[in-house]
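For reference, work-v3.cif (mmCIF, N, CA and C atoms):
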```cif
data_work
#
loop_
_atom_site.label_atom_id
_atom_site.label_comp_id
_atom_site.auth_asym_id
_atom_site.auth_seq_id
_atom_site.Cartn_x
_atom_site.Cartn_y
_atom_site.Cartn_z
N MET Q 794 -7.47 -23.03 -9.24
CA MET Q 794 -7.36 -21.70 -9.81
C MET Q 794 -6.21 -20.95 -9.16
N GLN Q 795 -5.32 -20.41 -9.95
CA GLN Q 795 -4.17 -19.68 -9.42
C GLN Q 795 -4.44 -18.19 -9.51
N THR Q 796 -4.19 -17.49 -8.41
CA THR Q 796 -4.34 -16.05 -8.39
C THR Q 796 -3.01 -15.42 -8.79
N GLN Q 797 -3.07 -14.51 -9.75
CA GLN Q 797 -1.82 -13.88 -10.19
C GLN Q 797 -1.31 -12.95 -9.11
N THR Q 798 -0.01 -12.78 -9.07
CA THR Q 798 0.60 -11.85 -8.13
C THR Q 798 0.71 -10.50 -8.82
N LEU Q 799 0.12 -9.50 -8.20
CA LEU Q 799 0.16 -8.14 -8.74
C LEU Q 799 1.28 -7.38 -8.03
N ASP Q 800 1.77 -6.34 -8.70
CA ASP Q 800 2.75 -5.51 -7.99
C ASP Q 800 2.01 -4.64 -6.97
N ALA Q 801 2.75 -4.01 -6.09
CA ALA Q 801 2.16 -3.25 -4.99
C ALA Q 801 1.19 -2.18 -5.48
N PHE Q 802 1.50 -1.55 -6.59
CA PHE Q 802 0.65 -0.47 -7.10
C PHE Q 802 -0.65 -1.01 -7.68
N GLN Q 803 -0.60 -2.18 -8.29
CA GLN Q 803 -1.82 -2.81 -8.78
C GLN Q 803 -2.70 -3.23 -7.60
N VAL Q 804 -2.07 -3.68 -6.52
CA VAL Q 804 -2.83 -4.11 -5.34
C VAL Q 804 -3.59 -2.92 -4.76
N ILE Q 805 -2.92 -1.80 -4.56
CA ILE Q 805 -3.59 -0.66 -3.92
C ILE Q 805 -4.44 0.16 -4.89
N ALA Q 806 -4.39 -0.17 -6.18
CA ALA Q 806 -5.21 0.55 -7.16
C ALA Q 806 -6.70 0.29 -6.94
N ASP Q 807 -7.03 -0.83 -6.36
CA ASP Q 807 -8.44 -1.19 -6.17
C ASP Q 807 -8.98 -0.55 -4.88
N PRO Q 808 -10.06 0.22 -4.96
CA PRO Q 808 -10.61 0.89 -3.77
C PRO Q 808 -11.03 -0.08 -2.66
N SER Q 809 -11.54 -1.24 -3.02
CA SER Q 809 -11.96 -2.21 -2.00
C SER Q 809 -10.74 -2.73 -1.23
N ARG Q 810 -9.65 -2.97 -1.94
CA ARG Q 810 -8.44 -3.45 -1.26
C ARG Q 810 -7.86 -2.35 -0.37
N ARG Q 811 -7.92 -1.10 -0.83
CA ARG Q 811 -7.45 0.00 0.03
C ARG Q 811 -8.30 0.08 1.29
N GLN Q 812 -9.61 -0.12 1.15
CA GLN Q 812 -10.49 -0.08 2.32
C GLN Q 812 -10.17 -1.24 3.27
N ILE Q 813 -9.90 -2.41 2.72
CA ILE Q 813 -9.52 -3.55 3.56
C ILE Q 813 -8.24 -3.23 4.33
N LEU Q 814 -7.26 -2.63 3.66
CA LEU Q 814 -6.01 -2.26 4.34
C LEU Q 814 -6.28 -1.28 5.47
N HIS Q 815 -7.16 -0.31 5.24
CA HIS Q 815 -7.50 0.66 6.29
C HIS Q 815 -8.18 -0.04 7.47
N LEU Q 816 -9.09 -0.97 7.18
CA LEU Q 816 -9.76 -1.71 8.25
C LEU Q 816 -8.75 -2.51 9.06
N LEU Q 817 -7.79 -3.13 8.37
CA LEU Q 817 -6.79 -3.95 9.06
C LEU Q 817 -5.77 -3.11 9.81
N SER Q 818 -5.68 -1.82 9.49
CA SER Q 818 -4.75 -0.95 10.22
C SER Q 818 -5.24 -0.70 11.64
N LYS Q 819 -6.52 -0.97 11.89
CA LYS Q 819 -7.09 -0.78 13.22
C LYS Q 819 -7.00 -2.05 14.05
N ASP Q 820 -7.12 -3.22 13.39
CA ASP Q 820 -7.14 -4.48 14.13
C ASP Q 820 -7.08 -5.65 13.15
N SER Q 821 -6.64 -6.80 13.64
CA SER Q 821 -6.74 -8.03 12.86
C SER Q 821 -8.21 -8.41 12.77
N LEU Q 822 -8.64 -8.82 11.60
CA LEU Q 822 -10.05 -9.17 11.42
C LEU Q 822 -10.17 -10.48 10.67
N SER Q 823 -11.26 -11.20 10.96
CA SER Q 823 -11.53 -12.42 10.21
C SER Q 823 -12.05 -12.03 8.82
N ILE Q 824 -11.95 -12.96 7.91
CA ILE Q 824 -12.44 -12.70 6.55
C ILE Q 824 -13.94 -12.42 6.61
N ASN Q 825 -14.67 -13.14 7.45
CA ASN Q 825 -16.11 -12.88 7.59
C ASN Q 825 -16.37 -11.47 8.11
N SER Q 826 -15.59 -11.02 9.09
CA SER Q 826 -15.75 -9.66 9.62
C SER Q 826 -15.44 -8.62 8.55
N LEU Q 827 -14.42 -8.86 7.76
CA LEU Q 827 -14.10 -7.95 6.67
C LEU Q 827 -15.24 -7.89 5.66
N ALA Q 828 -15.78 -9.05 5.32
CA ALA Q 828 -16.84 -9.13 4.31
C ALA Q 828 -18.08 -8.33 4.72
N GLU Q 829 -18.32 -8.22 6.03
CA GLU Q 829 -19.47 -7.47 6.51
C GLU Q 829 -19.40 -5.98 6.16
N ASN Q 830 -18.22 -5.49 5.83
CA ASN Q 830 -18.03 -4.08 5.51
C ASN Q 830 -18.25 -3.76 4.04
N PHE Q 831 -18.58 -4.76 3.25
CA PHE Q 831 -18.69 -4.57 1.80
C PHE Q 831 -20.00 -5.11 1.27
N GLU Q 832 -20.45 -4.52 0.19
CA GLU Q 832 -21.63 -5.03 -0.51
C GLU Q 832 -21.17 -5.91 -1.66
N MET Q 833 -20.37 -6.89 -1.32
CA MET Q 833 -19.92 -7.89 -2.29
C MET Q 833 -19.94 -9.23 -1.58
N SER Q 834 -19.87 -10.28 -2.35
CA SER Q 834 -19.94 -11.62 -1.77
C SER Q 834 -18.68 -11.93 -0.96
N ARG Q 835 -18.81 -12.87 -0.04
CA ARG Q 835 -17.64 -13.30 0.73
C ARG Q 835 -16.56 -13.86 -0.20
N PRO Q 836 -16.92 -14.66 -1.24
CA PRO Q 836 -15.88 -15.13 -2.16
C PRO Q 836 -15.15 -13.99 -2.87
N ALA Q 837 -15.85 -12.90 -3.16
CA ALA Q 837 -15.19 -11.74 -3.79
C ALA Q 837 -14.21 -11.10 -2.82
N VAL Q 838 -14.59 -10.99 -1.55
CA VAL Q 838 -13.68 -10.45 -0.53
C VAL Q 838 -12.49 -11.38 -0.39
N SER Q 839 -12.76 -12.69 -0.39
CA SER Q 839 -11.67 -13.67 -0.27
C SER Q 839 -10.68 -13.54 -1.42
N LYS Q 840 -11.17 -13.24 -2.61
CA LYS Q 840 -10.28 -13.05 -3.76
C LYS Q 840 -9.36 -11.85 -3.53
N HIS Q 841 -9.92 -10.76 -3.01
CA HIS Q 841 -9.11 -9.58 -2.70
C HIS Q 841 -8.07 -9.92 -1.63
N ILE Q 842 -8.50 -10.68 -0.62
CA ILE Q 842 -7.59 -11.08 0.46
C ILE Q 842 -6.42 -11.89 -0.12
N LYS Q 843 -6.74 -12.81 -1.01
CA LYS Q 843 -5.70 -13.66 -1.60
C LYS Q 843 -4.69 -12.83 -2.39
N ILE Q 844 -5.18 -11.84 -3.12
CA ILE Q 844 -4.31 -10.95 -3.89
C ILE Q 844 -3.36 -10.20 -2.96
N MET Q 845 -3.91 -9.66 -1.86
CA MET Q 845 -3.09 -8.91 -0.91
C MET Q 845 -2.12 -9.83 -0.17
N TYR Q 846 -2.55 -11.04 0.10
CA TYR Q 846 -1.67 -12.03 0.74
C TYR Q 846 -0.49 -12.37 -0.18
N ASN Q 847 -0.79 -12.64 -1.45
CA ASN Q 847 0.27 -12.99 -2.41
C ASN Q 847 1.25 -11.85 -2.63
N ALA Q 848 0.79 -10.61 -2.46
CA ALA Q 848 1.66 -9.44 -2.67
C ALA Q 848 2.38 -9.02 -1.38
N GLY Q 849 2.14 -9.74 -0.28
CA GLY Q 849 2.86 -9.45 0.96
C GLY Q 849 2.27 -8.36 1.82
N PHE Q 850 1.03 -7.95 1.55
CA PHE Q 850 0.41 -6.90 2.35
C PHE Q 850 -0.23 -7.42 3.62
N ILE Q 851 -0.62 -8.69 3.62
CA ILE Q 851 -1.26 -9.25 4.80
C ILE Q 851 -0.77 -10.66 5.07
N SER Q 852 -0.92 -11.08 6.31
CA SER Q 852 -0.70 -12.48 6.68
C SER Q 852 -2.06 -13.03 7.11
N ILE Q 853 -2.20 -14.33 7.04
CA ILE Q 853 -3.46 -14.98 7.42
C ILE Q 853 -3.14 -16.05 8.46
N THR Q 854 -3.88 -16.01 9.56
CA THR Q 854 -3.70 -16.97 10.63
C THR Q 854 -5.03 -17.70 10.85
N ASP Q 855 -4.97 -19.02 10.89
CA ASP Q 855 -6.17 -19.80 11.19
C ASP Q 855 -6.31 -19.92 12.69
N ILE Q 856 -7.44 -19.47 13.21
CA ILE Q 856 -7.76 -19.60 14.63
C ILE Q 856 -9.13 -20.28 14.70
N GLY Q 857 -9.12 -21.53 15.05
CA GLY Q 857 -10.36 -22.30 15.03
C GLY Q 857 -10.86 -22.41 13.60
N ARG Q 858 -12.11 -22.05 13.41
CA ARG Q 858 -12.70 -22.12 12.07
C ARG Q 858 -12.55 -20.81 11.30
N GLU Q 859 -12.02 -19.80 11.96
CA GLU Q 859 -11.89 -18.48 11.33
C GLU Q 859 -10.47 -18.26 10.79
N ARG Q 860 -10.39 -17.47 9.75
CA ARG Q 860 -9.10 -17.06 9.20
C ARG Q 860 -8.96 -15.56 9.45
N TYR Q 861 -7.93 -15.19 10.22
CA TYR Q 861 -7.72 -13.79 10.58
C TYR Q 861 -6.63 -13.17 9.72
N CYS Q 862 -6.90 -11.96 9.28
CA CYS Q 862 -5.96 -11.20 8.45
C CYS Q 862 -5.30 -10.12 9.29
N THR Q 863 -4.00 -9.97 9.08
CA THR Q 863 -3.21 -8.96 9.78
C THR Q 863 -2.31 -8.28 8.76
N LEU Q 864 -2.13 -6.97 8.92
CA LEU Q 864 -1.23 -6.26 8.01
C LEU Q 864 0.19 -6.78 8.15
N LYS Q 865 0.89 -6.77 7.04
CA LYS Q 865 2.28 -7.21 6.98
C LYS Q 865 3.06 -6.13 6.23
N GLN Q 866 4.27 -5.87 6.63
CA GLN Q 866 5.02 -4.75 6.07
C GLN Q 866 5.55 -4.99 4.66
N ASP Q 867 5.80 -6.23 4.30
CA ASP Q 867 6.47 -6.54 3.03
C ASP Q 867 5.89 -5.81 1.83
N GLY Q 868 4.58 -5.85 1.67
CA GLY Q 868 3.96 -5.21 0.51
C GLY Q 868 4.16 -3.70 0.49
N PHE Q 869 4.20 -3.11 1.67
CA PHE Q 869 4.37 -1.67 1.76
C PHE Q 869 5.79 -1.23 1.44
N ASN Q 870 6.77 -2.13 1.59
CA ASN Q 870 8.17 -1.78 1.32
C ASN Q 870 8.39 -1.35 -0.12
N GLU Q 871 7.71 -2.02 -1.06
CA GLU Q 871 7.85 -1.64 -2.47
C GLU Q 871 7.32 -0.23 -2.70
N LEU Q 872 6.20 0.09 -2.08
CA LEU Q 872 5.63 1.44 -2.19
C LEU Q 872 6.58 2.47 -1.59
N GLN Q 873 7.11 2.15 -0.40
CA GLN Q 873 8.00 3.08 0.29
C GLN Q 873 9.28 3.32 -0.52
N GLY Q 874 9.82 2.27 -1.12
CA GLY Q 874 11.01 2.41 -1.94
C GLY Q 874 10.78 3.36 -3.11
N PHE Q 875 9.63 3.24 -3.74
CA PHE Q 875 9.27 4.12 -4.86
C PHE Q 875 9.16 5.57 -4.39
N ILE Q 876 8.47 5.77 -3.28
CA ILE Q 876 8.28 7.12 -2.73
C ILE Q 876 9.62 7.71 -2.30
N ASP Q 877 10.45 6.91 -1.64
CA ASP Q 877 11.77 7.39 -1.19
C ASP Q 877 12.61 7.86 -2.37
N TYR Q 878 12.58 7.11 -3.48
CA TYR Q 878 13.35 7.48 -4.67
C TYR Q 878 12.95 8.88 -5.14
N PHE Q 879 11.63 9.12 -5.23
CA PHE Q 879 11.19 10.42 -5.74
C PHE Q 879 11.31 11.52 -4.69
N ASP Q 880 11.26 11.17 -3.41
CA ASP Q 880 11.57 12.17 -2.38
C ASP Q 880 12.99 12.70 -2.57
N LYS Q 881 13.93 11.80 -2.79
CA LYS Q 881 15.33 12.19 -3.01
C LYS Q 881 15.47 13.01 -4.30
N PHE Q 882 14.77 12.58 -5.33
CA PHE Q 882 14.80 13.30 -6.60
C PHE Q 882 14.36 14.75 -6.41
N TRP Q 883 13.19 14.95 -5.76
CA TRP Q 883 12.68 16.31 -5.59
C TRP Q 883 13.52 17.10 -4.61
N GLU Q 884 14.04 16.47 -3.60
CA GLU Q 884 14.91 17.15 -2.64
C GLU Q 884 16.14 17.69 -3.36
N SER Q 885 16.70 16.89 -4.26
CA SER Q 885 17.87 17.30 -5.03
C SER Q 885 17.52 18.49 -5.94
N LYS Q 886 16.38 18.41 -6.60
CA LYS Q 886 15.96 19.50 -7.49
C LYS Q 886 15.74 20.79 -6.69
N LEU Q 887 15.10 20.68 -5.54
CA LEU Q 887 14.85 21.87 -4.73
C LEU Q 887 16.14 22.45 -4.17
N LYS Q 888 17.10 21.60 -3.83
CA LYS Q 888 18.41 22.07 -3.35
C LYS Q 888 19.11 22.88 -4.44
N LYS Q 889 19.06 22.36 -5.68
CA LYS Q 889 19.68 23.06 -6.80
C LYS Q 889 19.00 24.41 -7.03
N LEU Q 890 17.67 24.43 -6.94
CA LEU Q 890 16.93 25.68 -7.10
C LEU Q 890 17.30 26.66 -6.00
N GLU Q 891 17.41 26.17 -4.78
CA GLU Q 891 17.80 27.03 -3.66
C GLU Q 891 19.18 27.63 -3.90
N THR Q 892 20.12 26.83 -4.39
CA THR Q 892 21.47 27.31 -4.68
C THR Q 892 21.43 28.41 -5.74
N ILE Q 893 20.68 28.19 -6.79
CA ILE Q 893 20.57 29.19 -7.88
C ILE Q 893 19.95 30.48 -7.35
N LEU Q 894 18.89 30.36 -6.58
CA LEU Q 894 18.22 31.55 -6.04
C LEU Q 894 19.13 32.30 -5.07
N ASN Q 895 19.89 31.58 -4.26
CA ASN Q 895 20.81 32.25 -3.33
C ASN Q 895 21.90 32.99 -4.09
N LYS Q 896 22.40 32.40 -5.18
CA LYS Q 896 23.43 33.07 -5.99
C LYS Q 896 22.86 34.34 -6.61
N LYS Q 897 21.63 34.26 -7.14
CA LYS Q 897 21.00 35.44 -7.75
C LYS Q 897 20.75 36.52 -6.71
N HIS Q 898 20.32 36.10 -5.52
CA HIS Q 898 20.03 37.05 -4.45
C HIS Q 898 21.31 37.79 -4.02
N LYS Q 899 22.43 37.06 -3.97
CA LYS Q 899 23.70 37.68 -3.56
C LYS Q 899 24.19 38.68 -4.61
N LYS Q 900 23.84 38.46 -5.88
CA LYS Q 900 24.24 39.37 -6.93
C LYS Q 900 23.46 40.67 -6.87
N LEU Q 901 22.28 40.64 -6.27
CA LEU Q 901 21.45 41.85 -6.17
C LEU Q 901 21.99 42.70 -5.10
#
```
Transcribe the structure of this file into structure tokens.
Amino acid sequence: MQTQTLDAFQVIADPSRRQILHLLSKDSLSINSLAENFEMSRPAVSKHIKIMYNAGFISITDIGRERYCTLKQDGFNELQGFIDYFDKFWESKLKKLETILNKKHKKL
């Protein structure tokens, strides 16, 4: 079975995946440890993990019989790029508004 690769926004659209990301922001955790935080089956948690892994949000390391998940920056870069674009957009709009308001204020 092949898991489709979702874009960064599809990955974080799911509340369970967002919760997993928050848990991993505190520490690397095994898939079993992550599953303990949810009222869903371990295979369901594993499916979420696979989606986040394929999208570059996490890395997985095998340590003994456990698989540990760690946050990875790659998936977040797409989100940051999107946010940066609109930060610049709004900054430009606000600069133009500031210029217009300053010109009007000087005329008064």
Residues returned when the PyMOL selection byres (((chain Q and resi 857-874 and name CA) around 12) and name CA) runs on this file, as a tab-separated table (two decimals) with N, CA and C atoms, keeping the file's coordinate frame:
```tsv
chain	number	residue	atom	x	y	z
Q	798	THR	N	-0.01	-12.78	-9.07
Q	798	THR	CA	0.60	-11.85	-8.13
Q	798	THR	C	0.71	-10.50	-8.82
Q	799	LEU	N	0.12	-9.50	-8.20
Q	799	LEU	CA	0.16	-8.14	-8.74
Q	799	LEU	C	1.28	-7.38	-8.03
Q	800	ASP	N	1.77	-6.34	-8.70
Q	800	ASP	CA	2.75	-5.51	-7.99
Q	800	ASP	C	2.01	-4.64	-6.97
Q	801	ALA	N	2.75	-4.01	-6.09
Q	801	ALA	CA	2.16	-3.25	-4.99
Q	801	ALA	C	1.19	-2.18	-5.48
Q	802	PHE	N	1.50	-1.55	-6.59
Q	802	PHE	CA	0.65	-0.47	-7.10
Q	802	PHE	C	-0.65	-1.01	-7.68
Q	803	GLN	N	-0.60	-2.18	-8.29
Q	803	GLN	CA	-1.82	-2.81	-8.78
Q	803	GLN	C	-2.70	-3.23	-7.60
Q	804	VAL	N	-2.07	-3.68	-6.52
Q	804	VAL	CA	-2.83	-4.11	-5.34
Q	804	VAL	C	-3.59	-2.92	-4.76
Q	805	ILE	N	-2.92	-1.80	-4.56
Q	805	ILE	CA	-3.59	-0.66	-3.92
Q	805	ILE	C	-4.44	0.16	-4.89
Q	806	ALA	N	-4.39	-0.17	-6.18
Q	806	ALA	CA	-5.21	0.55	-7.16
Q	806	ALA	C	-6.70	0.29	-6.94
Q	811	ARG	N	-7.92	-1.10	-0.83
Q	811	ARG	CA	-7.45	0.00	0.03
Q	811	ARG	C	-8.30	0.08	1.29
Q	813	ILE	N	-9.90	-2.41	2.72
Q	813	ILE	CA	-9.52	-3.55	3.56
Q	813	ILE	C	-8.24	-3.23	4.33
Q	814	LEU	N	-7.26	-2.63	3.66
Q	814	LEU	CA	-6.01	-2.26	4.34
Q	814	LEU	C	-6.28	-1.28	5.47
Q	815	HIS	N	-7.16	-0.31	5.24
Q	815	HIS	CA	-7.50	0.66	6.29
Q	815	HIS	C	-8.18	-0.04	7.47
Q	816	LEU	N	-9.09	-0.97	7.18
Q	816	LEU	CA	-9.76	-1.71	8.25
Q	816	LEU	C	-8.75	-2.51	9.06
Q	817	LEU	N	-7.79	-3.13	8.37
Q	817	LEU	CA	-6.79	-3.95	9.06
Q	817	LEU	C	-5.77	-3.11	9.81
Q	818	SER	N	-5.68	-1.82	9.49
Q	818	SER	CA	-4.75	-0.95	10.22
Q	818	SER	C	-5.24	-0.70	11.64
Q	819	LYS	N	-6.52	-0.97	11.89
Q	819	LYS	CA	-7.09	-0.78	13.22
Q	819	LYS	C	-7.00	-2.05	14.05
Q	820	ASP	N	-7.12	-3.22	13.39
Q	820	ASP	CA	-7.14	-4.48	14.13
Q	820	ASP	C	-7.08	-5.65	13.15
Q	821	SER	N	-6.64	-6.80	13.64
Q	821	SER	CA	-6.74	-8.03	12.86
Q	821	SER	C	-8.21	-8.41	12.77
Q	822	LEU	N	-8.64	-8.82	11.60
Q	822	LEU	CA	-10.05	-9.17	11.42
Q	822	LEU	C	-10.17	-10.48	10.67
Q	823	SER	N	-11.26	-11.20	10.96
Q	823	SER	CA	-11.53	-12.42	10.21
Q	823	SER	C	-12.05	-12.03	8.82
Q	824	ILE	N	-11.95	-12.96	7.91
Q	824	ILE	CA	-12.44	-12.70	6.55
Q	824	ILE	C	-13.94	-12.42	6.61
Q	825	ASN	N	-14.67	-13.14	7.45
Q	825	ASN	CA	-16.11	-12.88	7.59
Q	825	ASN	C	-16.37	-11.47	8.11
Q	826	SER	N	-15.59	-11.02	9.09
Q	826	SER	CA	-15.75	-9.66	9.62
Q	826	SER	C	-15.44	-8.62	8.55
Q	827	LEU	N	-14.42	-8.86	7.76
Q	827	LEU	CA	-14.10	-7.95	6.67
Q	827	LEU	C	-15.24	-7.89	5.66
Q	828	ALA	N	-15.78	-9.05	5.32
Q	828	ALA	CA	-16.84	-9.13	4.31
Q	828	ALA	C	-18.08	-8.33	4.72
Q	838	VAL	N	-14.59	-10.99	-1.55
Q	838	VAL	CA	-13.68	-10.45	-0.53
Q	838	VAL	C	-12.49	-11.38	-0.39
Q	839	SER	N	-12.76	-12.69	-0.39
Q	839	SER	CA	-11.67	-13.67	-0.27
Q	839	SER	C	-10.68	-13.54	-1.42
Q	841	HIS	N	-9.92	-10.76	-3.01
Q	841	HIS	CA	-9.11	-9.58	-2.70
Q	841	HIS	C	-8.07	-9.92	-1.63
Q	842	ILE	N	-8.50	-10.68	-0.62
Q	842	ILE	CA	-7.59	-11.08	0.46
Q	842	ILE	C	-6.42	-11.89	-0.12
Q	843	LYS	N	-6.74	-12.81	-1.01
Q	843	LYS	CA	-5.70	-13.66	-1.60
Q	843	LYS	C	-4.69	-12.83	-2.39
Q	844	ILE	N	-5.18	-11.84	-3.12
Q	844	ILE	CA	-4.31	-10.95	-3.89
Q	844	ILE	C	-3.36	-10.20	-2.96
Q	845	MET	N	-3.91	-9.66	-1.86
Q	845	MET	CA	-3.09	-8.91	-0.91
Q	845	MET	C	-2.12	-9.83	-0.17
Q	846	TYR	N	-2.55	-11.04	0.10
Q	846	TYR	CA	-1.67	-12.03	0.74
Q	846	TYR	C	-0.49	-12.37	-0.18
Q	847	ASN	N	-0.79	-12.64	-1.45
Q	847	ASN	CA	0.27	-12.99	-2.41
Q	847	ASN	C	1.25	-11.85	-2.63
Q	848	ALA	N	0.79	-10.61	-2.46
Q	848	ALA	CA	1.66	-9.44	-2.67
Q	848	ALA	C	2.38	-9.02	-1.38
Q	849	GLY	N	2.14	-9.74	-0.28
Q	849	GLY	CA	2.86	-9.45	0.96
Q	849	GLY	C	2.27	-8.36	1.82
Q	850	PHE	N	1.03	-7.95	1.55
Q	850	PHE	CA	0.41	-6.90	2.35
Q	850	PHE	C	-0.23	-7.42	3.62
Q	851	ILE	N	-0.62	-8.69	3.62
Q	851	ILE	CA	-1.26	-9.25	4.80
Q	851	ILE	C	-0.77	-10.66	5.07
Q	852	SER	N	-0.92	-11.08	6.31
Q	852	SER	CA	-0.70	-12.48	6.68
Q	852	SER	C	-2.06	-13.03	7.11
Q	853	ILE	N	-2.20	-14.33	7.04
Q	853	ILE	CA	-3.46	-14.98	7.42
Q	853	ILE	C	-3.14	-16.05	8.46
Q	854	THR	N	-3.88	-16.01	9.56
Q	854	THR	CA	-3.70	-16.97	10.63
Q	854	THR	C	-5.03	-17.70	10.85
Q	855	ASP	N	-4.97	-19.02	10.89
Q	855	ASP	CA	-6.17	-19.80	11.19
Q	855	ASP	C	-6.31	-19.92	12.69
Q	856	ILE	N	-7.44	-19.47	13.21
Q	856	ILE	CA	-7.76	-19.60	14.63
Q	856	ILE	C	-9.13	-20.28	14.70
Q	875	PHE	N	9.63	3.24	-3.74
Q	875	PHE	CA	9.27	4.12	-4.86
Q	875	PHE	C	9.16	5.57	-4.39
Q	876	ILE	N	8.47	5.77	-3.28
Q	876	ILE	CA	8.28	7.12	-2.73
Q	876	ILE	C	9.62	7.71	-2.30
Q	877	ASP	N	10.45	6.91	-1.64
Q	877	ASP	CA	11.77	7.39	-1.19
Q	877	ASP	C	12.61	7.86	-2.37
Q	878	TYR	N	12.58	7.11	-3.48
Q	878	TYR	CA	13.35	7.48	-4.67
Q	878	TYR	C	12.95	8.88	-5.14
Q	879	PHE	N	11.63	9.12	-5.23
Q	879	PHE	CA	11.19	10.42	-5.74
Q	879	PHE	C	11.31	11.52	-4.69
Q	880	ASP	N	11.26	11.17	-3.41
Q	880	ASP	CA	11.57	12.17	-2.38
Q	880	ASP	C	12.99	12.70	-2.57
Q	881	LYS	N	13.93	11.80	-2.79
Q	881	LYS	CA	15.33	12.19	-3.01
Q	881	LYS	C	15.47	13.01	-4.30
```
Top pick for closest residue to Q:Pro808, considering Q:Lys889, Q:Lys899, Q:Leu894, Q:Phe831 and counting only C-alpha atoms: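 The shortest atom-to-atom distance to Q:Pro808 comes from Q:Phe831.
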How many Å separate atom N of Q:Lys886 from atom C of Q:His898?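 Computing it gives 20.2 Å between the two atoms.
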Would you return as a PyMOL selection string the members of stretch 811-889 of chain Q that DSSP assigns to strand (DSSP E) on this structure's backbone? chain Q and resi 822-823+851-856+859-864
Centre, x/y/z edge lengths, axis-aligned box for stretch 817-834 of chain Q with 8 Å per side, as AutoDock Vina command-line options:
```
--center_x -13.2 --center_y -6.9 --center_z 5.9 --size_x 32.9 --size_y 28.4 --size_z 32.5
```
As JSON, numbers by chain, which residues of chain Q does DSSP assign to helix (DSSP H, G or I)? {"Q": [801, 802, 803, 804, 805, 806, 808, 809, 810, 811, 812, 813, 814, 815, 816, 817, 818, 819, 824, 825, 826, 827, 828, 835, 836, 837, 838, 839, 840, 841, 842, 843, 844, 845, 846, 847, 867, 868, 869, 870, 871, 872, 873, 874, 875, 876, 877, 878, 879, 880, 881, 882, 883, 884, 885, 886, 887, 888, 889, 890, 891, 892, 893, 894, 895, 896, 897, 898, 899, 900]}
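With atom N of Q:Lys897 on one side and atom CA of Q:Trp883 on the other, the separation reads 20.1 Å.
Taking atom C of Q:Ser834 and atom N of Q:Asp807 as the two end points, the separation is 17.0 Å.
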